[in-house]
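Enquirer: Structure file query.csv, CSV, C-alpha atoms, is pasted below:
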```csv
chain,number,residue,atom,x,y,z
A,1,THR,CA,2.7,-15.7,-21.8
A,2,LEU,CA,0.9,-14.1,-18.9
A,3,ASP,CA,-2.6,-15.3,-18.0
A,4,TYR,CA,-5.2,-12.7,-18.9
A,5,GLU,CA,-8.8,-12.9,-19.8
A,6,LEU,CA,-10.7,-9.9,-21.2
A,7,THR,CA,-13.8,-8.9,-19.2
A,8,GLN,CA,-16.7,-6.6,-19.9
A,9,ASP,CA,-15.9,-2.9,-19.3
A,10,ASP,CA,-12.2,-3.9,-18.9
A,11,GLU,CA,-10.0,-0.9,-18.0
A,12,THR,CA,-7.4,-2.1,-20.4
A,13,GLU,CA,-9.6,-1.2,-23.4
A,14,ASP,CA,-8.9,2.5,-22.6
A,15,LEU,CA,-5.2,1.8,-22.7
A,16,PHE,CA,-5.7,-0.1,-26.0
A,17,ALA,CA,-7.5,2.8,-27.5
A,18,LEU,CA,-4.9,5.3,-26.4
A,19,LEU,CA,-2.0,3.2,-27.6
A,20,SER,CA,-3.8,2.5,-30.9
A,21,GLU,CA,-4.0,6.2,-31.5
A,22,VAL,CA,-0.3,6.6,-30.6
A,23,LYS,CA,0.7,3.9,-33.0
A,24,GLN,CA,-1.5,5.5,-35.7
A,25,ASN,CA,0.1,8.9,-35.2
A,26,HIS,CA,3.6,7.7,-34.5
A,27,PRO,CA,4.1,4.4,-36.5
A,28,ASP,CA,7.8,4.2,-35.4
A,29,VAL,CA,6.7,3.6,-31.7
A,30,GLY,CA,7.6,0.0,-30.9
A,31,ALA,CA,7.5,-0.3,-27.1
A,32,VAL,CA,5.7,0.8,-24.0
A,33,SER,CA,7.5,1.4,-20.7
A,34,VAL,CA,5.6,0.5,-17.6
A,35,GLY,CA,6.3,1.2,-14.0
A,36,ALA,CA,5.0,-2.1,-12.6
A,37,ILE,CA,7.3,-3.6,-10.0
A,38,PHE,CA,5.5,-6.7,-8.7
A,39,SER,CA,1.9,-6.4,-9.8
A,40,SER,CA,1.0,-9.2,-12.1
A,41,TYR,CA,-2.4,-7.6,-12.4
A,42,GLN,CA,-0.8,-4.6,-14.1
A,43,GLY,CA,1.8,-6.6,-16.0
A,44,ASN,CA,-0.7,-9.0,-17.4
A,45,ARG,CA,-3.0,-6.3,-18.7
A,46,VAL,CA,-0.3,-4.1,-20.2
A,47,GLN,CA,1.3,-7.2,-21.8
A,48,HIS,CA,-2.1,-8.2,-23.3
A,49,VAL,CA,-2.5,-4.7,-24.9
A,50,CYS,CA,1.0,-4.7,-26.2
A,51,ASP,CA,0.6,-8.2,-27.7
A,52,ARG,CA,-2.5,-7.1,-29.5
A,53,LEU,CA,-0.8,-4.0,-30.9
A,54,GLY,CA,2.6,-5.7,-31.7
A,55,LEU,CA,4.4,-3.6,-29.1
A,56,LYS,CA,7.1,-4.7,-26.7
A,57,MET,CA,6.5,-4.1,-23.0
A,58,LEU,CA,9.5,-2.6,-21.2
A,59,ALA,CA,9.4,-3.2,-17.4
A,60,TYR,CA,12.7,-2.0,-16.1
A,61,LEU,CA,11.5,-1.9,-12.5
A,62,TRP,CA,10.1,-5.5,-12.6
A,63,HIS,CA,11.0,-7.3,-9.3
A,64,ARG,CA,13.3,-4.6,-8.1
A,65,ASP,CA,13.8,-4.4,-4.3
A,66,GLN,CA,11.2,-1.8,-3.3
A,67,ALA,CA,13.0,-0.3,-0.3
A,68,GLU,CA,16.0,0.3,-2.6
A,69,LEU,CA,13.8,1.7,-5.4
A,70,LEU,CA,12.0,4.0,-3.0
A,71,GLN,CA,15.4,5.3,-1.8
A,72,GLU,CA,16.5,5.9,-5.4
A,73,MET,CA,13.3,7.8,-6.2
A,74,VAL,CA,13.8,10.1,-3.2
A,75,ALA,CA,17.5,10.5,-3.9
A,76,ASN,CA,17.0,11.3,-7.5
A,77,GLY,CA,14.4,14.1,-7.0
A,78,VAL,CA,11.1,12.4,-7.7
A,79,ASP,CA,8.7,14.6,-5.8
A,80,ALA,CA,5.5,12.5,-5.5
A,81,VAL,CA,2.7,12.8,-3.0
A,82,LEU,CA,0.3,10.2,-1.6
A,83,ILE,CA,-3.1,10.6,-3.1
A,84,LYS,CA,-4.7,7.4,-1.9
A,85,VAL,CA,-4.2,5.2,1.2
A,86,ALA,CA,-5.6,1.8,1.7
A,87,ALA,CA,-3.5,-0.1,4.3
A,88,MET,CA,-3.1,-0.7,8.0
A,89,GLY,CA,-1.0,2.2,9.4
A,90,LEU,CA,-1.8,4.7,6.7
A,91,GLY,CA,-4.5,7.3,7.1
A,92,ARG,CA,-5.8,10.8,6.4
A,93,GLU,CA,-2.7,12.4,7.9
A,94,ASP,CA,-0.6,10.8,5.1
A,95,LEU,CA,-2.5,12.1,2.2
A,96,GLY,CA,-0.5,14.9,0.4
A,97,LYS,CA,2.8,13.9,2.0
A,98,THR,CA,5.8,13.4,-0.2
A,99,LEU,CA,7.5,10.0,-0.6
A,100,LYS,CA,10.5,11.6,1.1
A,101,GLU,CA,8.4,12.5,4.1
A,102,MET,CA,6.7,9.1,4.1
A,103,GLN,CA,9.8,6.9,3.5
A,104,PRO,CA,10.6,6.2,7.2
A,105,LYS,CA,6.9,5.3,7.9
A,106,LEU,CA,6.6,3.2,4.8
A,107,LEU,CA,9.7,1.2,5.6
A,108,SER,CA,8.5,0.8,9.2
A,109,LEU,CA,5.1,-0.5,8.0
A,110,HIS,CA,7.0,-2.8,5.6
A,111,SER,CA,8.9,-4.3,8.6
A,112,LYS,CA,5.8,-4.5,10.9
A,113,PHE,CA,3.0,-5.6,8.5
A,114,GLY,CA,4.7,-6.5,5.2
A,115,ILE,CA,3.2,-3.6,3.1
A,116,HIS,CA,5.0,-2.9,-0.1
A,117,PRO,CA,7.2,0.3,0.4
A,118,CYS,CA,6.3,1.4,-3.2
A,119,GLY,CA,2.6,0.7,-2.8
A,120,GLU,CA,2.7,-2.2,-5.2
A,121,GLY,CA,0.1,-4.1,-3.3
A,122,GLY,CA,-2.4,-1.3,-3.6
A,123,GLU,CA,-1.5,0.1,-0.2
A,124,PHE,CA,-1.2,3.6,-1.6
A,125,GLU,CA,-1.2,5.6,-4.9
A,126,SER,CA,1.0,8.6,-5.6
A,127,PHE,CA,1.0,11.5,-7.9
A,128,THR,CA,4.2,12.9,-9.2
A,129,LEU,CA,4.5,16.7,-8.9
A,130,ASP,CA,8.0,17.0,-10.1
A,131,CYS,CA,11.0,15.0,-11.3
A,132,PRO,CA,14.1,15.5,-13.4
A,133,LEU,CA,12.2,14.7,-16.6
A,134,PHE,CA,9.6,17.4,-16.1
A,135,LYS,CA,10.1,20.8,-17.7
A,136,LYS,CA,7.8,22.4,-15.1
A,137,ARG,CA,6.5,21.4,-11.7
A,138,ILE,CA,2.9,20.7,-10.9
A,139,VAL,CA,1.4,22.6,-8.0
A,140,VAL,CA,-1.8,21.5,-6.4
A,141,ASP,CA,-4.1,24.5,-5.7
A,142,ASP,CA,-7.2,22.8,-4.5
A,143,SER,CA,-7.9,19.3,-3.2
A,144,ALA,CA,-10.3,17.5,-0.9
A,145,VAL,CA,-10.1,14.2,1.1
A,146,VAL,CA,-12.7,11.7,0.1
A,147,THR,CA,-13.5,8.7,2.3
A,148,HIS,CA,-14.1,5.6,0.1
A,149,VAL,CA,-14.2,3.0,2.9
A,150,ASP,CA,-14.5,4.2,6.5
A,151,ASP,CA,-12.6,1.4,8.4
A,152,THR,CA,-10.9,1.9,11.7
A,153,VAL,CA,-8.0,-0.4,10.9
A,154,ALA,CA,-7.4,0.3,7.2
A,155,PRO,CA,-9.5,3.1,5.8
A,156,VAL,CA,-9.5,3.8,2.1
A,157,LEU,CA,-9.1,7.5,1.5
A,158,TYR,CA,-8.1,9.5,-1.5
A,159,LEU,CA,-7.2,13.1,-2.3
A,160,SER,CA,-9.5,14.4,-5.0
A,161,ILE,CA,-7.3,16.9,-6.8
A,162,LYS,CA,-9.6,19.7,-8.0
A,163,GLN,CA,-7.2,22.3,-9.5
A,164,VAL,CA,-3.5,22.4,-10.3
A,165,HIS,CA,-1.2,24.8,-12.2
A,166,LEU,CA,2.3,24.6,-13.6
A,167,GLU,CA,5.3,26.5,-12.3
A,168,PRO,CA,8.7,27.0,-13.9
A,169,LYS,CA,11.5,25.2,-12.1
```
What does the file become when written as structure tokens?
Expert:
Amino acid sequence: TLDYELTQDDETEDLFALLSEVKQNHPDVGAVSVGAIFSSYQGNRVQHVCDRLGLKMLAYLWHRDQAELLQEMVANGVDAVLIKVAAMGLGREDLGKTLKEMQPKLLSLHSKFGIHPCGEGGEFESFTLDCPLFKKRIVVDDSAVVTHVDDTVAPVLYLSIKQVHLEPK
């Protein structure tokens, strides 16, 4: 069992409510697939929700080599853009860039500073615009950069997506 303690206003309660509704409407659902790679924070919380609902947690990416995984995502057509940066070496200029565009920089920052190439340490967040599973692609029409922490070494910035539309592939 993973160590986890429920706290007031815990974000996992939103996940619990959502998965409770899914189970109610689709009683044959027996598992939840998560994209956590190394984050015990994520794994513990999702496992806690799954345990409470009698669901199995599937974590196919758990402890995968992140440089290899990043290469697989790029090679297999995952079109995701950075929407948050929070690490040394990442900044405003990286927001909105694709994983493919960022791959060399992310691998360089991994070598220099030990950042996780897939952002698993919170260095960045991404938003998937298109991938082989999608029937349509997401196009961002309007966004704005928001400064959360103005730090000269490791600013925390995010892309506030204001409007999107879907396009046929």
Enquirer: So the first atom is atom CA of Val49 of chain A and the second is atom CA of Leu61 of chain A; what is the distance between them in Å, to one decimal place?
Expert: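 According to the coordinates, atom CA of Val49 of chain A and atom CA of Leu61 of chain A are separated by 18.9 Å.
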Enquirer: Have a look at A:Arg92, A:Ile37, A:Ile115, A:Arg137 and name the one nearest to Pro155 of chain A; count all atoms listed in the file.
Expert: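 Result for the nearest residue to Pro155 of chain A: A:Arg92.
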Enquirer: Can you work out which one of A:Gln66, A:Gly96, A:Thr128, A:Ala87 has the shortest atom-to-atom distance to Phe113 of chain A, counting only C-alpha atoms?
Expert: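 The answer is A:Ala87, which sits nearest to Phe113 of chain A.
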Enquirer: Given only C-alpha atoms as the basis, pick out the residue of A:Gly91, A:Pro27, A:Gly121, A:Pro132 nearest to Ser40 of chain A.
Expert: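 Counting only C-alpha atoms, the residue closest to Ser40 of chain A is A:Gly121.
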Enquirer: When you count all atoms listed in the file, which of these residues is closest to Gly30 of chain A: A:Glu68, A:Asp51, A:Asp141, A:Asp10?
Expert: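 For Gly30 of chain A, the nearest of the candidates is A:Asp51.
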Enquirer: Do you know which residues are at most 6 Å from Asp79 of chain A counting all atoms listed in the file, after dropping those on the same chain fewer than 4 positions away, and could you put them as a VMD selection string?
Expert: chain A and resid 128 to 131
Enquirer: Just how far from atom CA of Leu157 of chain A is atom CA of Val74 of chain A, in Å to one decimal?
Expert: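 Between atom CA of Val74 of chain A and atom CA of Leu157 of chain A the gap is 23.5 Å.
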Enquirer: Tell me which of A:Leu58, A:Val85, A:Leu18, A:Asp65 sits closest to Val146 of chain A, counting all atoms listed in the file.
Expert: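 Looking only at the distances to Val146 of chain A, the closest residue turns out to be A:Val85.
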Enquirer: Hey, what's within 10 Å of Tyr60 of chain A if we count all atoms listed in the file and toss same-chain stuff fewer than 4 positions away? As a PyMOL selection string, please?
Expert: chain A and resi 33-37+64
Enquirer: Could you please determine the separation between atom CA of Leu166 of chain A and atom CA of Val46 of chain A in Å, to one decimal place?
Expert: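 It comes out at 29.6 Å.
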Enquirer: Here is a test: counting only C-alpha atoms, which residue of A:Thr98, A:Thr12, A:Ser143, A:Thr152 is nearest to Cys50 of chain A?
Expert: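 Under the stated criterion, the closest residue is A:Thr12.
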Enquirer: How would segment 54-65 of chain A read, as a PDB file, in the frame of the given file, once N, CA and C atoms are built in?
Expert:
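The new file result_28.pdb reads:
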```pdb
ATOM      1  N   GLY A  54       1.232  -5.373 -31.224  1.00  0.00           N
ATOM      2  CA  GLY A  54       2.600  -5.700 -31.700  1.00  0.00           C
ATOM      3  C   GLY A  54       3.646  -4.781 -31.105  1.00  0.00           C
ATOM      4  N   LEU A  55       3.451  -4.405 -29.840  1.00  0.00           N
ATOM      5  CA  LEU A  55       4.400  -3.600 -29.100  1.00  0.00           C
ATOM      6  C   LEU A  55       5.165  -4.431 -28.100  1.00  0.00           C
ATOM      7  N   LYS A  56       6.360  -4.005 -27.779  1.00  0.00           N
ATOM      8  CA  LYS A  56       7.100  -4.700 -26.700  1.00  0.00           C
ATOM      9  C   LYS A  56       6.885  -3.941 -25.421  1.00  0.00           C
ATOM     10  N   MET A  57       6.692  -4.708 -24.348  1.00  0.00           N
ATOM     11  CA  MET A  57       6.500  -4.100 -23.000  1.00  0.00           C
ATOM     12  C   MET A  57       7.876  -4.050 -22.342  1.00  0.00           C
ATOM     13  N   LEU A  58       8.253  -2.846 -21.926  1.00  0.00           N
ATOM     14  CA  LEU A  58       9.500  -2.600 -21.200  1.00  0.00           C
ATOM     15  C   LEU A  58       9.154  -2.440 -19.730  1.00  0.00           C
ATOM     16  N   ALA A  59       9.666  -3.303 -18.877  1.00  0.00           N
ATOM     17  CA  ALA A  59       9.400  -3.200 -17.400  1.00  0.00           C
ATOM     18  C   ALA A  59      10.692  -3.224 -16.678  1.00  0.00           C
ATOM     19  N   TYR A  60      11.347  -2.090 -16.705  1.00  0.00           N
ATOM     20  CA  TYR A  60      12.700  -2.000 -16.100  1.00  0.00           C
ATOM     21  C   TYR A  60      12.687  -2.095 -14.597  1.00  0.00           C
ATOM     22  N   LEU A  61      11.555  -1.880 -13.965  1.00  0.00           N
ATOM     23  CA  LEU A  61      11.500  -1.900 -12.500  1.00  0.00           C
ATOM     24  C   LEU A  61      11.038  -3.307 -11.988  1.00  0.00           C
ATOM     25  N   TRP A  62      10.723  -4.216 -12.913  1.00  0.00           N
ATOM     26  CA  TRP A  62      10.100  -5.500 -12.600  1.00  0.00           C
ATOM     27  C   TRP A  62      11.006  -6.246 -11.550  1.00  0.00           C
ATOM     28  N   HIS A  63      10.413  -6.562 -10.417  1.00  0.00           N
ATOM     29  CA  HIS A  63      11.000  -7.300  -9.300  1.00  0.00           C
ATOM     30  C   HIS A  63      12.220  -6.665  -8.672  1.00  0.00           C
ATOM     31  N   ARG A  64      12.277  -5.337  -8.783  1.00  0.00           N
ATOM     32  CA  ARG A  64      13.300  -4.600  -8.100  1.00  0.00           C
ATOM     33  C   ARG A  64      12.984  -4.589  -6.573  1.00  0.00           C
ATOM     34  N   ASP A  65      14.004  -4.509  -5.726  1.00  0.00           N
ATOM     35  CA  ASP A  65      13.800  -4.400  -4.300  1.00  0.00           C
ATOM     36  C   ASP A  65      13.129  -3.021  -4.049  1.00  0.00           C
TER      37      ASP A  65
END
```
